[in-house]
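Chemist: query_18.cif is the file, holding mmCIF, C-alpha atoms:
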data_start
loop_
_atom_site.label_atom_id
_atom_site.label_comp_id
_atom_site.auth_asym_id
_atom_site.auth_seq_id
_atom_site.Cartn_x
_atom_site.Cartn_y
_atom_site.Cartn_z
CA MET A 13 -81.03 217.12 32.68
CA CYS A 14 -80.33 219.20 35.75
CA LYS A 15 -77.60 217.63 37.92
CA GLY A 16 -79.78 218.00 41.03
CA LEU A 17 -82.57 215.86 39.57
CA VAL A 18 -80.31 212.92 38.81
CA SER A 19 -79.69 212.28 42.51
CA LEU A 20 -83.41 212.24 43.44
CA PRO A 21 -85.11 208.90 44.14
CA ALA A 22 -87.30 207.45 41.38
CA CYS A 23 -90.53 208.16 43.29
CA CYS A 24 -89.67 211.87 43.40
CA LEU A 25 -88.92 211.91 39.70
CA GLU A 26 -92.28 210.23 39.00
CA ARG A 27 -94.05 212.83 41.14
CA ALA A 28 -92.22 215.62 39.31
CA LYS A 29 -93.33 214.13 35.97
CA GLU A 30 -96.93 214.02 37.20
CA LEU A 31 -96.81 217.63 38.42
CA LYS A 32 -95.24 218.78 35.15
CA ALA A 33 -98.07 217.10 33.23
CA ARG A 34 -100.74 218.66 35.47
CA LEU A 35 -99.20 222.12 35.17
CA GLY A 36 -98.88 221.70 31.41
CA ILE A 37 -102.59 220.94 31.20
CA LEU A 38 -103.40 224.12 33.13
CA LEU A 39 -101.34 226.15 30.68
CA GLN A 40 -103.20 224.72 27.69
CA LYS A 41 -106.54 226.18 26.68
CA PRO A 42 -109.18 224.07 28.44
CA ILE A 43 -111.68 222.04 26.41
CA CYS A 44 -114.52 223.51 28.39
CA THR A 45 -115.17 225.27 31.65
CA LEU A 46 -118.28 225.17 33.76
CA SER A 47 -118.90 228.84 33.01
CA CYS A 48 -119.89 227.88 29.43
CA CYS A 49 -122.91 226.10 30.96
CA LYS A 50 -124.09 229.28 32.67
CA ILE A 51 -123.76 231.97 30.02
CA GLY A 52 -126.87 234.16 29.94
CA LYS A 53 -129.86 232.72 28.13
CA ASN A 54 -127.83 229.74 26.91
CA LYS A 55 -128.18 227.81 30.17
CA PRO A 56 -129.45 224.28 29.79
CA THR A 57 -133.09 223.79 30.68
CA LEU A 58 -134.13 221.74 33.67
CA GLU A 59 -135.49 219.10 31.29
CA GLU A 60 -132.16 218.86 29.47
CA CYS A 61 -130.28 218.49 32.77
CA LEU A 62 -132.68 215.76 33.92
CA LYS A 63 -132.24 213.87 30.64
CA TRP A 64 -128.54 213.49 31.44
CA LYS A 65 -129.55 211.06 34.19
CA GLU A 66 -131.15 208.75 31.61
CA SER A 67 -127.86 207.58 30.12
CA PHE A 68 -124.21 208.43 29.66
CA GLU A 69 -124.84 208.69 25.90
CA ARG A 70 -127.48 211.37 26.53
CA LEU A 71 -125.02 213.32 28.63
CA LEU A 72 -122.30 213.19 25.96
CA SER A 73 -124.70 214.10 23.15
CA SER A 74 -125.70 217.32 24.91
CA ARG A 75 -123.42 220.32 24.38
CA TYR A 76 -124.06 221.50 27.94
CA GLY A 77 -123.91 217.99 29.35
CA LEU A 78 -120.50 217.42 27.80
CA CYS A 79 -119.34 220.80 29.07
CA ALA A 80 -120.53 220.11 32.64
CA PHE A 81 -119.09 216.58 32.62
CA THR A 82 -115.74 217.85 31.34
CA ALA A 83 -115.66 220.52 34.04
CA PHE A 84 -116.38 217.80 36.59
CA LEU A 85 -113.53 215.64 35.25
CA VAL A 86 -111.17 218.63 35.42
CA SER A 87 -112.10 219.07 39.08
CA GLU A 88 -111.37 215.37 39.63
CA PHE A 89 -108.02 215.53 37.77
CA SER A 90 -109.22 212.97 35.23
CA GLU A 91 -110.00 215.12 32.20
CA GLU A 92 -107.63 212.99 30.13
CA ASN A 93 -110.40 210.38 29.85
CA ILE A 94 -112.82 212.57 27.93
CA ALA A 95 -109.99 214.16 25.94
CA PHE A 96 -108.76 210.69 24.89
CA TYR A 97 -112.28 209.53 24.03
CA PHE A 98 -112.87 212.46 21.68
CA ALA A 99 -109.35 212.30 20.23
CA CYS A 100 -110.20 208.70 19.23
CA GLU A 101 -113.53 209.82 17.75
CA ASP A 102 -111.71 212.45 15.68
CA TYR A 103 -109.06 209.91 14.65
CA ARG A 104 -111.72 207.42 13.52
CA ARG A 105 -113.21 210.05 11.19
CA THR A 106 -109.85 210.71 9.52
CA LYS A 107 -110.15 209.87 5.83
CA CYS A 108 -106.65 210.63 4.62
CA PRO A 109 -104.40 207.55 5.11
CA THR A 110 -101.26 209.68 5.40
CA LYS A 111 -102.76 211.58 8.35
CA LEU A 112 -103.63 208.36 10.20
CA LEU A 113 -100.03 207.64 11.19
CA THR A 114 -99.35 211.18 12.40
CA LYS A 115 -102.58 211.38 14.41
CA ALA A 116 -102.14 207.86 15.80
CA GLN A 117 -98.63 208.64 17.02
CA LYS A 118 -99.81 211.89 18.58
CA ILE A 119 -102.65 210.15 20.46
CA TYR A 120 -100.33 207.37 21.58
CA ASN A 121 -97.70 209.81 22.85
CA GLU A 122 -100.23 211.99 24.64
CA PHE A 123 -102.45 209.33 26.22
CA ILE A 124 -101.18 205.74 25.93
CA SER A 125 -97.40 205.72 26.33
CA SER A 126 -96.07 205.11 29.84
CA GLU A 127 -94.34 208.51 29.45
CA ALA A 128 -97.54 210.24 28.28
CA PRO A 129 -98.30 213.58 29.94
CA ARG A 130 -102.03 212.72 30.05
CA GLU A 131 -101.76 208.96 30.44
CA VAL A 132 -105.12 207.18 30.61
CA ASN A 133 -105.74 204.28 32.96
CA ILE A 134 -105.77 201.14 30.82
CA ASP A 135 -104.44 197.67 31.51
CA HIS A 136 -101.08 196.45 30.23
CA GLU A 137 -102.62 194.09 27.68
CA THR A 138 -104.74 196.86 26.09
CA ARG A 139 -101.70 199.14 26.01
CA ASP A 140 -99.66 196.45 24.22
CA ILE A 141 -102.44 195.71 21.71
CA THR A 142 -102.81 199.42 20.97
CA LYS A 143 -99.06 199.79 20.49
CA ALA A 144 -99.04 196.82 18.10
CA ASN A 145 -101.95 198.35 16.18
CA LEU A 146 -99.81 201.40 15.45
CA MET A 147 -97.59 199.31 13.18
CA ASN A 148 -100.42 199.42 10.59
CA PRO A 149 -102.62 202.37 11.59
CA SER A 150 -106.28 201.96 10.73
CA PRO A 151 -109.33 203.89 11.90
CA SER A 152 -109.96 201.14 14.47
CA CYS A 153 -106.50 200.90 16.07
CA PHE A 154 -107.62 202.66 19.29
CA ASP A 155 -111.00 200.91 19.57
CA GLN A 156 -110.12 198.62 22.48
CA ALA A 157 -108.43 201.36 24.53
CA GLN A 158 -111.26 203.78 23.77
CA HIS A 159 -113.83 201.19 24.84
CA ARG A 160 -111.98 200.63 28.14
CA ILE A 161 -111.97 204.36 28.88
CA TYR A 162 -115.63 204.70 27.85
CA MET A 163 -116.57 201.88 30.25
CA LEU A 164 -114.47 203.47 33.01
CA MET A 165 -116.31 206.76 32.55
CA THR A 166 -119.71 205.01 32.35
CA LYS A 167 -119.23 202.93 35.47
CA ASP A 168 -117.14 205.30 37.60
CA CYS A 169 -117.06 208.96 36.51
CA TYR A 170 -120.64 209.28 35.27
CA PRO A 171 -122.32 208.07 38.52
CA ARG A 172 -120.01 210.35 40.56
CA PHE A 173 -120.92 213.26 38.27
CA LEU A 174 -124.64 212.68 38.86
CA HIS A 175 -124.04 212.93 42.63
CA SER A 176 -121.63 215.85 42.39
CA PRO A 177 -122.14 219.48 43.44
CA VAL A 178 -121.47 220.43 39.79
CA TYR A 179 -124.57 218.56 38.61
CA ARG A 180 -126.71 219.52 41.64
CA ASP A 181 -125.85 223.20 41.13
CA LEU A 182 -126.84 223.01 37.46
CA LEU A 183 -130.17 221.44 38.42
CA CYS A 184 -130.82 224.20 40.95
CA GLN A 185 -129.93 226.97 38.49
CA ALA A 186 -131.74 225.49 35.50
CA LYS A 187 -135.12 226.90 34.56
CA PRO A 188 -137.97 224.78 33.24
CA SER A 189 -138.52 225.17 29.51
CA THR A 190 -141.42 227.33 28.34
CA LYS A 191 -143.19 224.18 27.16
CA LEU A 192 -143.18 222.79 30.68
CA THR A 193 -144.27 226.04 32.35
CA ASN A 194 -147.22 226.25 29.97
CA LEU A 195 -148.39 222.84 31.16
CA PRO A 196 -149.05 223.40 34.87
CA HIS A 197 -150.24 219.82 35.45
CA LEU A 198 -146.71 218.57 34.60
CA VAL A 199 -144.90 220.96 36.94
CA LYS A 200 -144.41 219.67 40.48
CA LYS A 201 -146.01 221.85 43.09
CA VAL A 202 -143.76 222.88 45.95
#
Any chance you could give the structure as C-alpha cells?
Modeler:
Amino acid sequence: MCKGLVSLPACCLERAKELKARLGILLQKPICTLSCCKIGKNKPTLEECLKWKESFERLLSSRYGLCAFTAFLVSEFSEENIAFYFACEDYRRTKCPTKLLTKAQKIYNEFISSEAPREVNIDHETRDITKANLMNPSPSCFDQAQHRIYMLMTKDCYPRFLHSPVYRDLLCQAKPSTKLTNLPHLVKKV
C-alpha cells in the first residue's frame, strides 16, 4: 500500500474504496445503456411502455423495460441491485455442482462481502445467513439476499423509475403500435 494512504483517516479510506468501485464500474462494459431503448425501429411501443406500470415483473420481463430500468439505476448509482439480482438468477440455473462453488464465491465477493466493490444494501443477518450458506453451496444459497434486493427494487427503485425523466422521455418518444392506430376508438383524442 502507498505510504501516503496509511496516514489517512478511516473515513477517507472508505471514500477512496467507494470511488475506486464506482470508477471500476465505469471501466467495465455496461449491462445496458438507455440508447439501446431508442435504436431505430426497435423502440418500445407506447403500449409496451405503459405495461411497465402494471407491475415490476412486467418491467423486468420486457427487454426494453429492463434496459430502461438498468439505465435508470446507473443514473442513480444503484445498478448493483439489478446486477446482483440477475447474477443470482444465473447462479440458480447452474447445473454443474463444481461450478456452484466458484460462482457463489464470485457473487459473494462482488456483491455481499463488506469489501465488495458493488456491495448491495442488505441487513447484517441476511449477510451472515448468506455467508453461512456458502459452506455448502446450493442453487438456493442466495435466495434470502436476492429476495431482499428484489423487494428493495420493488418498493423503492421501481416507483422512482416510473416518476423519472427516463421513463417519461420513453413514453413521449414511443409510438403507438399499428394495432392501436388502426383502432381509432381506442386512441385518445388530443
Chemist: Looking at all atoms listed in the file, which of A:Met147, A:Ile141, A:Leu112, A:Met165 is the one that sits closest to A:Leu72?
Modeler: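 Nearest candidate to A:Leu72 out of A:Met147, A:Ile141, A:Leu112, A:Met165: A:Met165.
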Chemist: Please identify all polymer residues within 9 Å of A:Pro151, counting only C-alpha atoms, omitting same-chain residues fewer than 6 positions from it, and present them as number ranges by chain.
Modeler: A: 100, 103-107, 112
Chemist: Taking into account only C-alpha atoms, which residue in the set A:Ala99, A:Leu71, A:Leu174, A:Leu183 is nearest to A:Ala157?
Modeler: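 Among the listed residues, the smallest separation from A:Ala157 belongs to A:Ala99.
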Chemist: Tell me, as a PyMOL selection string, which residues lie within 12 Å of A:Thr110, counting all atoms listed in the file; anything in the same chain fewer than 5 positions away does not count.
Modeler: chain A and resi 115-117+148-151
Chemist: Might you pull out every residue within 12 Å of A:Tyr162, with all atoms listed in the file counted and same-chain residues fewer than 2 positions away left off, and present them as a list in words?
Modeler: Phe68, Glu69, Leu72, Glu92, Asn93, Ile94, Ala95, Phe96, Tyr97, Phe98, Cys100, Glu101, Val132, Asn133, Ile134, Phe154, Asp155, Gln156, Ala157, Gln158, His159, Arg160, Leu164, Met165, Thr166, Lys167, Asp168, Cys169 and Tyr170 of chain A
Chemist: Using all atoms listed in the file, which residues sit within 8 Å of A:Thr57 once same-chain residues fewer than 6 positions away are excluded, as a ChimeraX atom specification?
Modeler: /A:186-189
Chemist: Using all atoms listed in the file, can you tell me which of A:Leu85, A:Ala80, A:Ile124, A:Ile161 comes closest to A:Asp181?
Modeler: A:Ala80
Chemist: Under the rule that all atoms listed in the file are counted, which of A:Cys108, A:Leu113, A:Leu182, A:Leu78 is the nearest residue to A:Lys55?
Modeler: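 Once distances to A:Lys55 are computed over all atoms listed in the file, the minimum belongs to A:Leu182.
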Chemist: Emit as lines of an AutoDock Vina configuration file the padded axis-aligned box for all listed atoms of stretch 137-150 of chain A, 5 Å per side, with centre and edge lengths in Å to one decimal.
Modeler:
center_x = -101.9
center_y = 198.2
center_z = 19.1
size_x = 18.7
size_y = 18.3
size_z = 27.1
Chemist: Using all atoms listed in the file for the distances, tell me which of A:Ser67, A:Arg75, A:Phe84, A:Pro56 is nearest to A:Ser176.
Modeler: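 Looking at the shortest contact to A:Ser176, the residue is A:Phe84.
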Chemist: What is the distance, in Å and to one decimal place, between atom CA of A:Ser74 and atom CA of A:Glu122?
Modeler: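 Between atom CA of A:Ser74 and atom CA of A:Glu122 the gap is 26.0 Å.
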Chemist: For A:Gly77, which of A:Ala128, A:Cys61, A:Met163, A:Val178 is the closest residue, counting only C-alpha atoms?
Modeler: A:Cys61
